[in-house]
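Coordinates from upload.pdb are shown below (PDB, C-alpha atoms).
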ATOM      1  CA  MET D 119     156.590  69.675  85.980
ATOM      2  CA  ASP D 120     159.240  72.135  85.014
ATOM      3  CA  ILE D 121     158.302  75.782  84.660
ATOM      4  CA  PRO D 122     160.470  77.509  82.102
ATOM      5  CA  PHE D 123     162.366  80.461  83.474
ATOM      6  CA  ALA D 124     163.607  83.546  81.734
ATOM      7  CA  THR D 125     166.634  85.337  83.017
ATOM      8  CA  ARG D 126     167.359  88.984  82.952
ATOM      9  CA  GLU D 127     170.960  89.449  82.087
ATOM     10  CA  ASP D 128     171.567  92.689  83.930
ATOM     11  CA  GLU D 129     170.387  91.538  87.401
ATOM     12  CA  ARG D 130     170.666  87.787  87.072
ATOM     13  CA  ILE D 131     167.267  87.200  88.623
ATOM     14  CA  ARG D 132     165.217  84.347  87.447
ATOM     15  CA  VAL D 133     161.568  85.241  86.767
ATOM     16  CA  PRO D 134     159.174  82.487  85.866
ATOM     17  CA  GLU D 135     157.285  82.959  82.623
ATOM     18  CA  GLU D 136     153.561  83.068  83.059
ATOM     19  CA  PRO D 137     151.697  80.490  81.097
ATOM     20  CA  ALA D 138     149.035  81.693  78.633
ATOM     21  CA  VAL D 139     145.790  82.557  80.435
ATOM     22  CA  THR D 140     142.830  80.430  79.569
ATOM     23  CA  VAL D 141     139.328  81.241  80.751
ATOM     24  CA  THR D 142     137.344  78.294  81.896
ATOM     25  CA  GLY D 143     133.601  77.944  81.812
ATOM     26  CA  ASP D 144     133.367  78.563  85.567
ATOM     27  CA  GLU D 145     135.164  81.878  85.297
ATOM     28  CA  THR D 146     132.937  82.963  82.381
ATOM     29  CA  LEU D 147     129.841  82.016  84.367
ATOM     30  CA  ARG D 148     131.177  83.972  87.338
ATOM     31  CA  GLN D 149     131.731  87.081  85.196
ATOM     32  CA  GLU D 150     128.226  86.804  83.686
ATOM     33  CA  SER D 151     126.767  86.438  87.184
ATOM     34  CA  ILE D 152     128.568  89.591  88.302
ATOM     35  CA  ASP D 153     127.210  91.489  85.262
ATOM     36  CA  ILE D 154     123.668  90.262  85.968
ATOM     37  CA  LEU D 155     124.059  91.265  89.613
ATOM     38  CA  ARG D 156     125.138  94.793  88.607
ATOM     39  CA  GLN D 157     122.187  95.129  86.229
ATOM     40  CA  THR D 158     119.811  93.943  88.922
ATOM     41  CA  GLN D 159     121.334  96.408  91.385
ATOM     42  CA  ALA D 160     120.778  99.271  88.908
ATOM     43  CA  LYS D 161     117.155  98.211  88.376
ATOM     44  CA  LEU D 162     116.644  98.032  92.133
ATOM     45  CA  GLU D 163     118.025 101.549  92.602
ATOM     46  CA  GLU D 164     115.724 102.857  89.834
ATOM     47  CA  ALA D 165     112.728 101.145  91.443
ATOM     48  CA  GLN D 166     113.610 102.602  94.841
ATOM     49  CA  ALA D 167     113.871 106.098  93.345
ATOM     50  CA  GLU D 168     110.520 105.671  91.626
ATOM     51  CA  ALA D 169     108.942 104.411  94.846
ATOM     52  CA  ALA D 170     110.267 107.457  96.694
ATOM     53  CA  SER D 171     108.786 109.823  94.102
ATOM     54  CA  LEU D 172     105.455 107.982  94.304
ATOM     55  CA  ARG D 173     105.446 108.364  98.087
ATOM     56  CA  VAL D 174     105.952 112.120  97.659
ATOM     57  CA  LEU D 175     103.141 112.274  95.100
ATOM     58  CA  LEU D 176     100.843 110.330  97.409
ATOM     59  CA  ALA D 177     101.630 112.692 100.283
ATOM     60  CA  ILE D 178     100.814 115.711  98.099
ATOM     61  CA  ARG D 179      97.533 114.218  96.890
ATOM     62  CA  THR D 180      96.578 113.220 100.421
ATOM     63  CA  HIS D 181      97.274 116.758 101.619
ATOM     64  CA  GLN D 182      95.122 118.214  98.818
ATOM     65  CA  HIS D 183      92.314 115.778  99.603
ATOM     66  CA  SER D 184      92.561 116.706 103.278
ATOM     67  CA  GLN D 185      92.315 120.417 102.460
ATOM     68  CA  ALA D 186      89.224 119.867 100.291
ATOM     69  CA  TRP D 187      87.647 117.719 102.990
ATOM     70  CA  ARG D 188      88.299 120.409 105.629
ATOM     71  CA  ALA D 189      86.795 123.074 103.386
ATOM     72  CA  ARG D 190      83.701 120.915 102.908
ATOM     73  CA  GLN D 191      83.413 120.352 106.654
ATOM     74  CA  LEU D 192      83.743 124.086 107.267
ATOM     75  CA  CYS D 193      80.991 124.876 104.765
ATOM     76  CA  ALA D 194      78.765 122.166 106.233
ATOM     77  CA  ALA D 195      79.299 123.557 109.760
ATOM     78  CA  GLU D 196      78.501 127.055 108.528
ATOM     79  CA  LEU D 197      75.350 125.778 106.855
ATOM     80  CA  GLU D 198      74.283 123.962 110.012
ATOM     81  CA  ALA D 199      74.887 127.068 112.112
ATOM     82  CA  VAL D 200      72.753 129.167 109.769
ATOM     83  CA  ARG D 201      69.995 126.540 109.772
ATOM     84  CA  SER D 202      69.961 126.235 113.563
ATOM     85  CA  ALA D 203      69.988 130.017 113.983
ATOM     86  CA  ALA D 204      67.106 130.346 111.546
ATOM     87  CA  ALA D 205      65.128 127.599 113.257
ATOM     88  CA  ALA D 206      65.755 128.991 116.752
ATOM     89  CA  ARG D 207      64.206 132.357 116.186
ATOM     90  CA  THR D 208      61.057 133.638 114.732
ATOM     91  CA  VAL D 209      61.738 136.620 112.577
ATOM     92  CA  PRO D 210      59.789 139.020 110.488
ATOM     93  CA  ARG D 211      59.141 138.098 106.871
ATOM     94  CA  GLU D 212      62.071 140.170 105.499
ATOM     95  CA  ALA D 213      64.604 138.649 107.909
ATOM     96  CA  ASP D 214      63.165 135.202 107.250
ATOM     97  CA  GLN D 215      63.722 135.709 103.545
ATOM     98  CA  ALA D 216      67.333 136.885 104.217
ATOM     99  CA  SER D 217      68.071 133.839 106.354
ATOM    100  CA  THR D 218      66.553 131.589 103.708
ATOM    101  CA  GLU D 219      68.821 133.272 101.166
ATOM    102  CA  ALA D 220      71.859 132.763 103.454
ATOM    103  CA  ILE D 221      70.954 129.103 103.862
ATOM    104  CA  ALA D 222      70.607 128.687 100.120
ATOM    105  CA  ARG D 223      74.009 130.303  99.547
ATOM    106  CA  ALA D 224      75.654 128.115 102.184
ATOM    107  CA  GLU D 225      74.097 125.039 100.565
ATOM    108  CA  ALA D 226      75.382 126.197  97.168
ATOM    109  CA  ARG D 227      78.929 126.573  98.584
ATOM    110  CA  THR D 228      78.712 123.132 100.176
ATOM    111  CA  ASP D 229      77.497 121.623  96.903
ATOM    112  CA  ALA D 230      80.351 123.316  95.043
ATOM    113  CA  VAL D 231      82.962 121.891  97.426
ATOM    114  CA  GLN D 232      81.357 118.451  97.094
ATOM    115  CA  THR D 233      81.461 118.817  93.305
ATOM    116  CA  VAL D 234      85.182 119.677  93.362
ATOM    117  CA  LEU D 235      85.949 116.803  95.724
ATOM    118  CA  GLY D 236      83.940 114.425  93.525
ATOM    119  CA  ALA D 237      85.826 115.648  90.458
ATOM    120  CA  VAL D 238      89.160 115.068  92.224
ATOM    121  CA  LEU D 239      88.179 111.543  93.186
ATOM    122  CA  ALA D 240      86.856 110.799  89.686
ATOM    123  CA  SER D 241      90.067 112.130  88.114
ATOM    124  CA  LEU D 242      92.578 110.219  90.230
ATOM    125  CA  ARG D 243      94.450 107.645  88.230
ATOM    126  CA  PHE D 244      97.048 105.076  89.236
ATOM    127  CA  TRP D 245      99.983 107.492  88.925
ATOM    128  CA  ALA D 246      98.488 110.935  89.414
ATOM    129  CA  LEU D 247      95.577 113.283  88.952
ATOM    130  CA  ASP D 248      94.235 113.426  85.390
ATOM    131  CA  ARG D 249      94.193 117.217  85.110
ATOM    132  CA  ARG D 250      92.276 117.281  81.819
ATOM    133  CA  ARG D 251      89.505 115.077  83.148
ATOM    134  CA  PHE D 252      89.355 117.108  86.360
ATOM    135  CA  GLN D 253      89.085 120.374  84.446
ATOM    136  CA  ALA D 254      86.432 118.904  82.122
ATOM    137  CA  LEU D 255      84.334 117.819  85.118
ATOM    138  CA  ILE D 256      84.637 121.286  86.690
ATOM    139  CA  VAL D 257      83.679 122.982  83.401
ATOM    140  CA  GLN D 258      80.667 120.694  83.128
ATOM    141  CA  ALA D 259      79.598 121.520  86.691
ATOM    142  CA  SER D 260      80.123 125.229  86.052
ATOM    143  CA  ARG D 261      77.948 125.128  82.941
ATOM    144  CA  ALA D 262      75.201 123.408  84.926
ATOM    145  CA  THR D 263      75.304 126.167  87.569
ATOM    146  CA  PRO D 264      72.895 129.089  87.103
ATOM    147  CA  ASP D 265      74.289 132.608  86.740
ATOM    148  CA  GLU D 266      71.712 134.238  88.992
ATOM    149  CA  GLY D 267      70.326 133.635  92.433
ATOM    150  CA  SER D 268      71.843 131.970  95.434
ATOM    151  CA  ALA D 269      73.121 129.021  93.364
ATOM    152  CA  ALA D 270      75.406 131.425  91.478
ATOM    153  CA  GLU D 271      77.579 131.340  94.619
ATOM    154  CA  ARG D 272      78.894 127.990  93.331
ATOM    155  CA  HIS D 273      80.911 129.675  90.566
ATOM    156  CA  ALA D 274      83.227 131.458  93.005
ATOM    157  CA  VAL D 275      83.714 128.351  95.140
ATOM    158  CA  LEU D 276      84.312 126.134  92.097
ATOM    159  CA  LEU D 277      86.961 128.552  90.844
ATOM    160  CA  ALA D 278      88.707 128.914  94.205
ATOM    161  CA  GLU D 279      88.752 125.205  95.022
ATOM    162  CA  THR D 280      89.812 124.238  91.495
ATOM    163  CA  ARG D 281      92.779 126.607  91.734
ATOM    164  CA  ARG D 282      93.696 125.121  95.089
ATOM    165  CA  VAL D 283      93.617 121.552  93.741
ATOM    166  CA  LEU D 284      95.609 122.477  90.637
ATOM    167  CA  GLY D 285      98.145 124.392  92.725
ATOM    168  CA  ARG D 286      97.494 127.756  91.116
ATOM    169  CA  THR D 287      97.538 130.888  93.212
ATOM    170  CA  GLU D 288      96.551 133.313  90.468
TER
END
If you convert what's in this file into structure tokens, what do you get?
Amino acid sequence: MDIPFATREDERIRVPEEPAVTVTGDETLRQESIDILRQTQAKLEEAQAEAASLRVLLAIRTHQHSQAWRARQLCAAELEAVRSAAAARTVPREADQASTEAIARAEARTDAVQTVLGAVLASLRFWALDRRRFQALIVQASRATPDEGSAAERHAVLLAETRRVLGRTE
């Protein structure tokens, strides 16, 4: 088969003419495969970025849960210490009433921490904490708490622990 040549007059070099380029079905399929591969690569990178952000969110939520659990354990230990101290000694009626009041306050603080932890667990969704639901549960618990007596101690604990969970330091 003869390939036609073109000559350049000034240099007298023969350069073959390139035949017209035709794209075959295999080359088209190859190009489509490359495009699909690039799209898949982009989706993979997006999924990896989303997975990384979810791992960070999970670490934050786990840390918050751990803090609430430690606070509950601390309150429970304090309550147990007050109960054991009250049971170990016999005291006059006034001191007995004061220790009973201290026990009641410690129980109220423990109940408040348990309420906040329960609200956190009830408000966790697949992606994150449902802040509105959490706040609604805390408001409901606060309304159910009396304003006087040893149970009124719950209000302060509910407020402090709710701020901690929501990340507010006000």
Next item on the list: Would you mind telling me which residue in D:Thr263, D:Glu163, D:Ile221, D:Trp245 lies nearest to Ala204 of chain D when using only C-alpha atoms?
Entry: D:Ile221
Give me the result of the PyMOL selection byres ((chain D and resi 201) around 10) on this file, residue by residue, as a tab-separated table (two decimals) with C-alpha atoms, keeping the file's coordinate frame.
chain	number	residue	atom	x	y	z
D	195	ALA	CA	79.30	123.56	109.76
D	196	GLU	CA	78.50	127.06	108.53
D	197	LEU	CA	75.35	125.78	106.86
D	198	GLU	CA	74.28	123.96	110.01
D	199	ALA	CA	74.89	127.07	112.11
D	200	VAL	CA	72.75	129.17	109.77
D	202	SER	CA	69.96	126.24	113.56
D	203	ALA	CA	69.99	130.02	113.98
D	204	ALA	CA	67.11	130.35	111.55
D	205	ALA	CA	65.13	127.60	113.26
D	206	ALA	CA	65.76	128.99	116.75
D	217	SER	CA	68.07	133.84	106.35
D	218	THR	CA	66.55	131.59	103.71
D	220	ALA	CA	71.86	132.76	103.45
D	221	ILE	CA	70.95	129.10	103.86
D	222	ALA	CA	70.61	128.69	100.12
D	224	ALA	CA	75.65	128.12	102.18
Next item on the list: Please measure the separation of atom CA of Leu247 of chain D and atom CA of His273 of chain D, giving the value in Å to one decimal.
Entry: 22.1 Å
Note to self: Neighbouring residues of Gln253 of chain D were defined as those with any atom within 10 Å, considering all atoms listed in the file; residues of the same chain fewer than 6 positions away were excluded. Please report them as an MDAnalysis selection string.
What the structure shows: chainID D and resid 234 237:238 241 259 280 284
Note to self: Rounded to one decimal, what separation in Å do you get between atom CA of Ile178 of chain D and atom CA of Arg227 of chain D?
What the structure shows: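 Interatomic distance here is 24.4 Å.
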Check: Rounded to one decimal in Å, what is the spacing between atom CA of Ala170 of chain D and atom CA of Ser151 of chain D?
Finding: 28.4 Å
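Shortest atom-to-atom contact with Ala278 of chain D among D:Leu155, D:Phe244, D:Gln166, D:Ile256: D:Ile256, counting all atoms listed in the file.
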Next item on the list: Tell me which protein, DNA and RNA residues are within 7 Å of Ala269 of chain D, counting only C-alpha atoms, leaving out same-chain ones fewer than 3 positions away, and put them as number ranges by chain.
Entry: D: 223, 226, 263-264, 266, 272
How would segment 145-172 of chain D look written as a CSV table (one decimal), in the first residue's frame with C-alpha atoms?
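Saved as selection20.csv:
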chain,number,residue,atom,x,y,z
D,145,GLU,CA,-11.6,3.4,21.5
D,146,THR,CA,-15.0,5.0,22.3
D,147,LEU,CA,-15.6,2.3,24.9
D,148,ARG,CA,-12.2,2.9,26.4
D,149,GLN,CA,-12.9,6.7,26.7
D,150,GLU,CA,-16.2,6.0,28.3
D,151,SER,CA,-14.6,3.6,30.8
D,152,ILE,CA,-12.0,6.2,31.7
D,153,ASP,CA,-14.8,8.8,32.3
D,154,ILE,CA,-16.7,6.3,34.5
D,155,LEU,CA,-13.5,5.5,36.4
D,156,ARG,CA,-12.9,9.3,37.1
D,157,GLN,CA,-16.5,9.7,38.3
D,158,THR,CA,-16.2,6.7,40.5
D,159,GLN,CA,-12.9,8.0,41.9
D,160,ALA,CA,-14.6,11.4,42.7
D,161,LYS,CA,-17.5,9.6,44.5
D,162,LEU,CA,-15.0,7.5,46.4
D,163,GLU,CA,-13.1,10.6,47.6
D,164,GLU,CA,-16.4,12.3,48.7
D,165,ALA,CA,-17.4,9.1,50.6
D,166,GLN,CA,-14.0,9.0,52.3
D,167,ALA,CA,-14.3,12.7,53.3
D,168,GLU,CA,-17.8,12.1,54.7
D,169,ALA,CA,-16.5,9.0,56.6
D,170,ALA,CA,-13.7,11.0,58.1
D,171,SER,CA,-16.2,13.7,59.3
D,172,LEU,CA,-18.5,11.1,60.7
